[in-house]
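For reference, the structure discussed in these notes is given below.
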Amino acid sequence: MIFDLLQKKDGQSNWHQLQNIVLAVSTVVLGVIVGLSSLLLSLFLEVIEHFFLHYEETAKFPAPVGAAPIDRLLSVVVGGVIAAVIWWFLRTKTTPTISIKRALAGERMPFWQTVIHVVTQIFYVGTGGSVGRELAPREAGALLAQKWEDLCDRYHVPKLAAEDKRLLITAAAGAGFAGIYIAPITGMFFSVEVLFKKLTLRTVGVSLTMSIIAMFVGSLVKGFKPYYILTDVKFSLVSFVFVLILAPLSGLAGSWFRKFFQWAEKHQTKDNHILWQLPVAAILTGIVAYFFPEIMGNGRSLAQLAINSHQLTMLVILVVGALLKVVVTVLTIRAGASGGTLTPSIAVGGALGAVLSLILAIWIPGMSIGQGAILGAGTLLAASQQAPFMAMFMLIEICHLESSALLPMGFGILIATAVSKKILSD
């Protein structure tokens with residue numbers, strides 16, 4: 001990543017050029033449009049969950065525990081069959097969709113195919129498919145940025161430099177995340193740290209502004225509520241002792257988690273075999289969900305279960321839950337499903353942190369299980385994504401943590417990222 005917060009262009013201040021006016025207007029317009037797309041995807045998810053599982057997902061009730069076990073099984077299986085048919089059609093009978101990285105390289109995202117692809121991701125997560133939902137709003141944002149650039153070209157608006165066009169795409173992808181998770185700083189860091197890999201006043205200004213606007217639009221329905229509920233938000237000095245033990249383990253687990261996901265994506269089924277492989281993965285997920293509903297969806301329920309755990313009897317449940325989450329998520333992606341890996345990483349990291357906290361609480365007085373789960377989620381997320389800034393601020397924003405979390409979280413993320421980077425480079 002390139003750091004230059006005072007970067008100039010052509011010897012003049014960037015903000016006094018005509019192109020910067022176009023960039024500023026585009027930032028505001030896309031912030032509103034991308035925020036609306038994230039809002040619509042959130043509402044669509046609610047509709048699917050209500051129709052298939054008869055429940056409304058909240059931070060307090062993140063899993064469909066009230067749904068009948070057979071309904072959970074049937075929901076995932078039916079969702080897997082429908083999603084398999086749609087993705088098979090998109091990948092074999094039409095112009096295939098392309099990734100955000102390929103869009104940044106100049107390739108065009110086919111409009112209707114990408115829209116259907118995005119909606120299918122949310123649909124499958126809503127029925128209980130084990131995959132992250134955050135990729136869909138990011139891809140929607142990137143698509144809308146490309147279409148906005150096409151519209152500007154059609155009406156002969158002064159053209160932006162190629163780098164600014166790439167910036168708009170990355171900022172819109174980050175804004176899509178910010179609009180659905182109400183996390184603008186995370187959206188900005190996803191744009192400049194993960195995608196654009198260039199931290200300047202220009203990139204931060206555009207990305208953060210767009211993410212803030214998208215956040216406000218996306219919050220019109222659900223407001224500013226935490227995605228995960230943590231009651232003891234004031235982190236103590238005990239947290240520093242804890243992360244010294246936790247972070248290396250998170251770095252090790254996160255690096256292997258990243259390798260598993262990369263393997264699944266590299267060997268992902270894209271031909272006719274998706275018609276049977278994805279339903280088989282859905283059946284496996286449904287069987288697990290029959291007995292353990294927290295395995296369903298993007299991992300929010302498993303992470304919240306870890307945060308709420310206070311008794312040693314939860315050790316086996318959390319260990320088994322984390323292992324099953326890894327297995328079903330990797331197999332789901334390998335079988336052809338598209339989706340994110342951020343929230344599954346948070347779920348597994350939260351379970352790891354809670355398990356270690358429950359064990360250490362026997363000897364360390366004042367050990368908070370919830371805080372241990374949050375630190376585990378942040379450190380493993382950073383290790384698996386190799387994005388320390390994004391990981392830290394994501395947990396702070398979606399959990400509404402106070403400033404006392406900054407030092408232990410940052411310290412743990414630094415260690416975990418270094419460990420995982422060493423393992424991944426070997």
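Letters for chains follow the order of the structure tokens (A, B, ...), residue numbers begin at 1 for each chain, and ligand numbers begin at 1 in the order shown.
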Proximity check region 119-169 of chain A to region 290-307 of chain A, 8 Å, nearest pairs one decimal Å, only C-alpha atoms, as JSON lines:
```
{"residue": "A:Val125", "atom": "CA", "partner": "A:Gly297", "partner_atom": "CA", "distance": 5.0}
{"residue": "A:Gly126", "atom": "CA", "partner": "A:Gly297", "partner_atom": "CA", "distance": 6.7}
{"residue": "A:Thr127", "atom": "CA", "partner": "A:Gly297", "partner_atom": "CA", "distance": 7.5}
{"residue": "A:Gly128", "atom": "CA", "partner": "A:Gly297", "partner_atom": "CA", "distance": 4.5}
{"residue": "A:Gly129", "atom": "CA", "partner": "A:Gly297", "partner_atom": "CA", "distance": 5.2}
{"residue": "A:Ser130", "atom": "CA", "partner": "A:Gly297", "partner_atom": "CA", "distance": 4.8}
{"residue": "A:Val131", "atom": "CA", "partner": "A:Asn298", "partner_atom": "CA", "distance": 5.0}
{"residue": "A:Gly132", "atom": "CA", "partner": "A:Asn298", "partner_atom": "CA", "distance": 4.3}
{"residue": "A:Arg133", "atom": "CA", "partner": "A:Asn298", "partner_atom": "CA", "distance": 6.2}
```
Just write the chosen residues, N, CA, C and O atoms, as a PDB file, in the first residue's frame.
```
ATOM      1  N   VAL A 125     -28.112 -16.682   1.284  1.00  0.00           N
ATOM      2  CA  VAL A 125     -27.809 -16.424   2.697  1.00  0.00           C
ATOM      3  C   VAL A 125     -29.104 -16.340   3.506  1.00  0.00           C
ATOM      4  O   VAL A 125     -29.181 -16.850   4.626  1.00  0.00           O
ATOM      5  N   GLY A 126     -30.129 -15.714   2.942  1.00  0.00           N
ATOM      6  CA  GLY A 126     -31.403 -15.587   3.635  1.00  0.00           C
ATOM      7  C   GLY A 126     -32.073 -16.920   3.908  1.00  0.00           C
ATOM      8  O   GLY A 126     -32.764 -17.087   4.931  1.00  0.00           O
ATOM      9  N   THR A 127     -31.880 -17.886   3.025  1.00  0.00           N
ATOM     10  CA  THR A 127     -32.454 -19.211   3.251  1.00  0.00           C
ATOM     11  C   THR A 127     -31.620 -20.038   4.224  1.00  0.00           C
ATOM     12  O   THR A 127     -32.045 -21.123   4.634  1.00  0.00           O
ATOM     13  N   GLY A 128     -30.429 -19.541   4.573  1.00  0.00           N
ATOM     14  CA  GLY A 128     -29.587 -20.239   5.547  1.00  0.00           C
ATOM     15  C   GLY A 128     -28.275 -20.731   4.999  1.00  0.00           C
ATOM     16  O   GLY A 128     -27.520 -21.391   5.723  1.00  0.00           O
ATOM     17  N   GLY A 129     -27.948 -20.437   3.740  1.00  0.00           N
ATOM     18  CA  GLY A 129     -26.688 -20.871   3.158  1.00  0.00           C
ATOM     19  C   GLY A 129     -25.499 -20.296   3.918  1.00  0.00           C
ATOM     20  O   GLY A 129     -25.513 -19.120   4.289  1.00  0.00           O
ATOM     21  N   SER A 130     -24.483 -21.112   4.133  1.00  0.00           N
ATOM     22  CA  SER A 130     -23.344 -20.710   4.956  1.00  0.00           C
ATOM     23  C   SER A 130     -22.297 -19.987   4.126  1.00  0.00           C
ATOM     24  O   SER A 130     -21.318 -20.576   3.657  1.00  0.00           O
ATOM     25  N   VAL A 131     -22.488 -18.686   3.966  1.00  0.00           N
ATOM     26  CA  VAL A 131     -21.546 -17.857   3.222  1.00  0.00           C
ATOM     27  C   VAL A 131     -21.819 -16.412   3.614  1.00  0.00           C
ATOM     28  O   VAL A 131     -22.927 -16.064   4.036  1.00  0.00           O
ATOM     29  N   GLY A 132     -20.808 -15.540   3.487  1.00  0.00           N
ATOM     30  CA  GLY A 132     -20.979 -14.150   3.866  1.00  0.00           C
ATOM     31  C   GLY A 132     -21.866 -13.392   2.895  1.00  0.00           C
ATOM     32  O   GLY A 132     -21.870 -13.671   1.695  1.00  0.00           O
ATOM     33  N   ARG A 133     -22.574 -12.395   3.417  1.00  0.00           N
ATOM     34  CA  ARG A 133     -23.472 -11.598   2.581  1.00  0.00           C
ATOM     35  C   ARG A 133     -22.826 -10.302   2.104  1.00  0.00           C
ATOM     36  O   ARG A 133     -23.431  -9.558   1.344  1.00  0.00           O
TER      37      ARG A 133
END
```
Region 359-361 of chain A: which residues within 10 Å, counting only C-alpha atoms, same-chain residues fewer than 2 positions away excluded, as a PyMOL selection string? chain A and resi 242+245+310-312+315+354-357+363-369
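Ranking A:Ala289, A:Val217, A:Val32, A:Ala178 by their shortest atom-to-atom distance to Ala67 (chain A), with only C-alpha atoms included, puts A:Ala289 first.
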With a distance cut-off of 10 Å and only C-alpha atoms, select the neighbouring residues of Ile398 (chain A), excluding the residue or stretch itself and same-chain residues fewer than 6 positions from it, and output the selection as a ChimeraX atom specification. /A:181-183,186,224-229
Return the single residue from A:Val115, A:Val221, A:Ile185, A:Val327 that is closest to Val204 (chain A), with distances computed using only C-alpha atoms.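 Result for the nearest residue to Val204 (chain A): A:Ile185.
Counting only C-alpha atoms, the residue from A:Ser38, A:Ser26, A:Gln371, A:Thr120 that sits nearest to Gln146 (chain A) is A:Ser26.
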Cys152 (chain A): which residues within 12 Å, counting only C-alpha atoms, same-chain residues fewer than 6 positions away excluded, as a PDB file with N, CA and C atoms, in the first residue's frame?
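The resulting part_18.pdb:
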```
ATOM      1  N   VAL A  22     -16.056  17.012 -11.025  1.00  0.00           N
ATOM      2  CA  VAL A  22     -16.754  15.812 -11.498  1.00  0.00           C
ATOM      3  C   VAL A  22     -16.613  14.682 -10.484  1.00  0.00           C
ATOM      4  N   LEU A  23     -15.411  14.535  -9.947  1.00  0.00           N
ATOM      5  CA  LEU A  23     -15.173  13.485  -8.951  1.00  0.00           C
ATOM      6  C   LEU A  23     -16.005  13.723  -7.694  1.00  0.00           C
ATOM      7  N   VAL A  25     -18.889  15.460  -7.417  1.00  0.00           N
ATOM      8  CA  VAL A  25     -20.303  15.206  -7.711  1.00  0.00           C
ATOM      9  C   VAL A  25     -20.567  13.710  -7.814  1.00  0.00           C
ATOM     10  N   SER A  26     -19.668  12.994  -8.474  1.00  0.00           N
ATOM     11  CA  SER A  26     -19.820  11.546  -8.619  1.00  0.00           C
ATOM     12  C   SER A  26     -19.803  10.860  -7.259  1.00  0.00           C
ATOM     13  N   VAL A  29     -23.307  11.502  -5.623  1.00  0.00           N
ATOM     14  CA  VAL A  29     -24.372  10.774  -6.323  1.00  0.00           C
ATOM     15  C   VAL A  29     -24.260   9.273  -6.077  1.00  0.00           C
ATOM     16  N   ALA A 145     -20.993   2.052 -10.021  1.00  0.00           N
ATOM     17  CA  ALA A 145     -19.938   3.017 -10.359  1.00  0.00           C
ATOM     18  C   ALA A 145     -19.597   2.958 -11.838  1.00  0.00           C
ATOM     19  N   GLN A 146     -19.507   1.753 -12.388  1.00  0.00           N
ATOM     20  CA  GLN A 146     -19.234   1.629 -13.820  1.00  0.00           C
ATOM     21  C   GLN A 146     -20.358   2.241 -14.658  1.00  0.00           C
ATOM     22  N   PRO A 158     -16.780  16.007 -18.548  1.00  0.00           N
ATOM     23  CA  PRO A 158     -15.304  15.888 -18.589  1.00  0.00           C
ATOM     24  C   PRO A 158     -14.841  14.563 -18.001  1.00  0.00           C
ATOM     25  N   LYS A 159     -14.022  13.853 -18.774  1.00  0.00           N
ATOM     26  CA  LYS A 159     -13.618  12.522 -18.372  1.00  0.00           C
ATOM     27  C   LYS A 159     -12.642  12.557 -17.202  1.00  0.00           C
ATOM     28  N   LEU A 160     -12.816  11.590 -16.315  1.00  0.00           N
ATOM     29  CA  LEU A 160     -11.900  11.437 -15.197  1.00  0.00           C
ATOM     30  C   LEU A 160     -10.667  10.664 -15.647  1.00  0.00           C
ATOM     31  N   LYS A 165     -11.213   6.869 -12.035  1.00  0.00           N
ATOM     32  CA  LYS A 165     -12.294   5.928 -12.338  1.00  0.00           C
ATOM     33  C   LYS A 165     -12.162   4.666 -11.483  1.00  0.00           C
TER      34      LYS A 165
END
```
I'd like the contact shell of Gly286 (chain A) - 7 Å cut-off, only C-alpha atoms, skipping same-chain residues fewer than 6 positions apart - returned as a list in words. Arg72, Leu73, Val76 and Val77 of chain A
Would you mind exporting the chosen residues as a short mmCIF file (atom, residue, chain, number, x, y, z; two decimals), in the first residue's frame, restricted to N, CA and C atoms?
```cif
data_model
loop_
_atom_site.label_atom_id
_atom_site.label_comp_id
_atom_site.auth_asym_id
_atom_site.auth_seq_id
_atom_site.Cartn_x
_atom_site.Cartn_y
_atom_site.Cartn_z
N ARG A 72 -35.82 -25.53 8.99
CA ARG A 72 -34.45 -25.08 8.75
C ARG A 72 -33.78 -25.93 7.68
N LEU A 73 -33.97 -27.23 7.77
CA LEU A 73 -33.39 -28.15 6.79
C LEU A 73 -33.94 -27.87 5.40
N VAL A 76 -32.73 -24.39 3.69
CA VAL A 76 -31.39 -24.38 3.08
C VAL A 76 -31.37 -25.23 1.81
N VAL A 77 -32.02 -26.38 1.84
CA VAL A 77 -31.99 -27.28 0.68
C VAL A 77 -32.71 -26.64 -0.51
#
```
Using only C-alpha atoms, which of the listed residues (A:Arg138, A:Arg91, A:His50, A:Lys325) sits closest to Ala175 (chain A)?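 That would be A:Arg138, the residue with the smallest distance to Ala175 (chain A).
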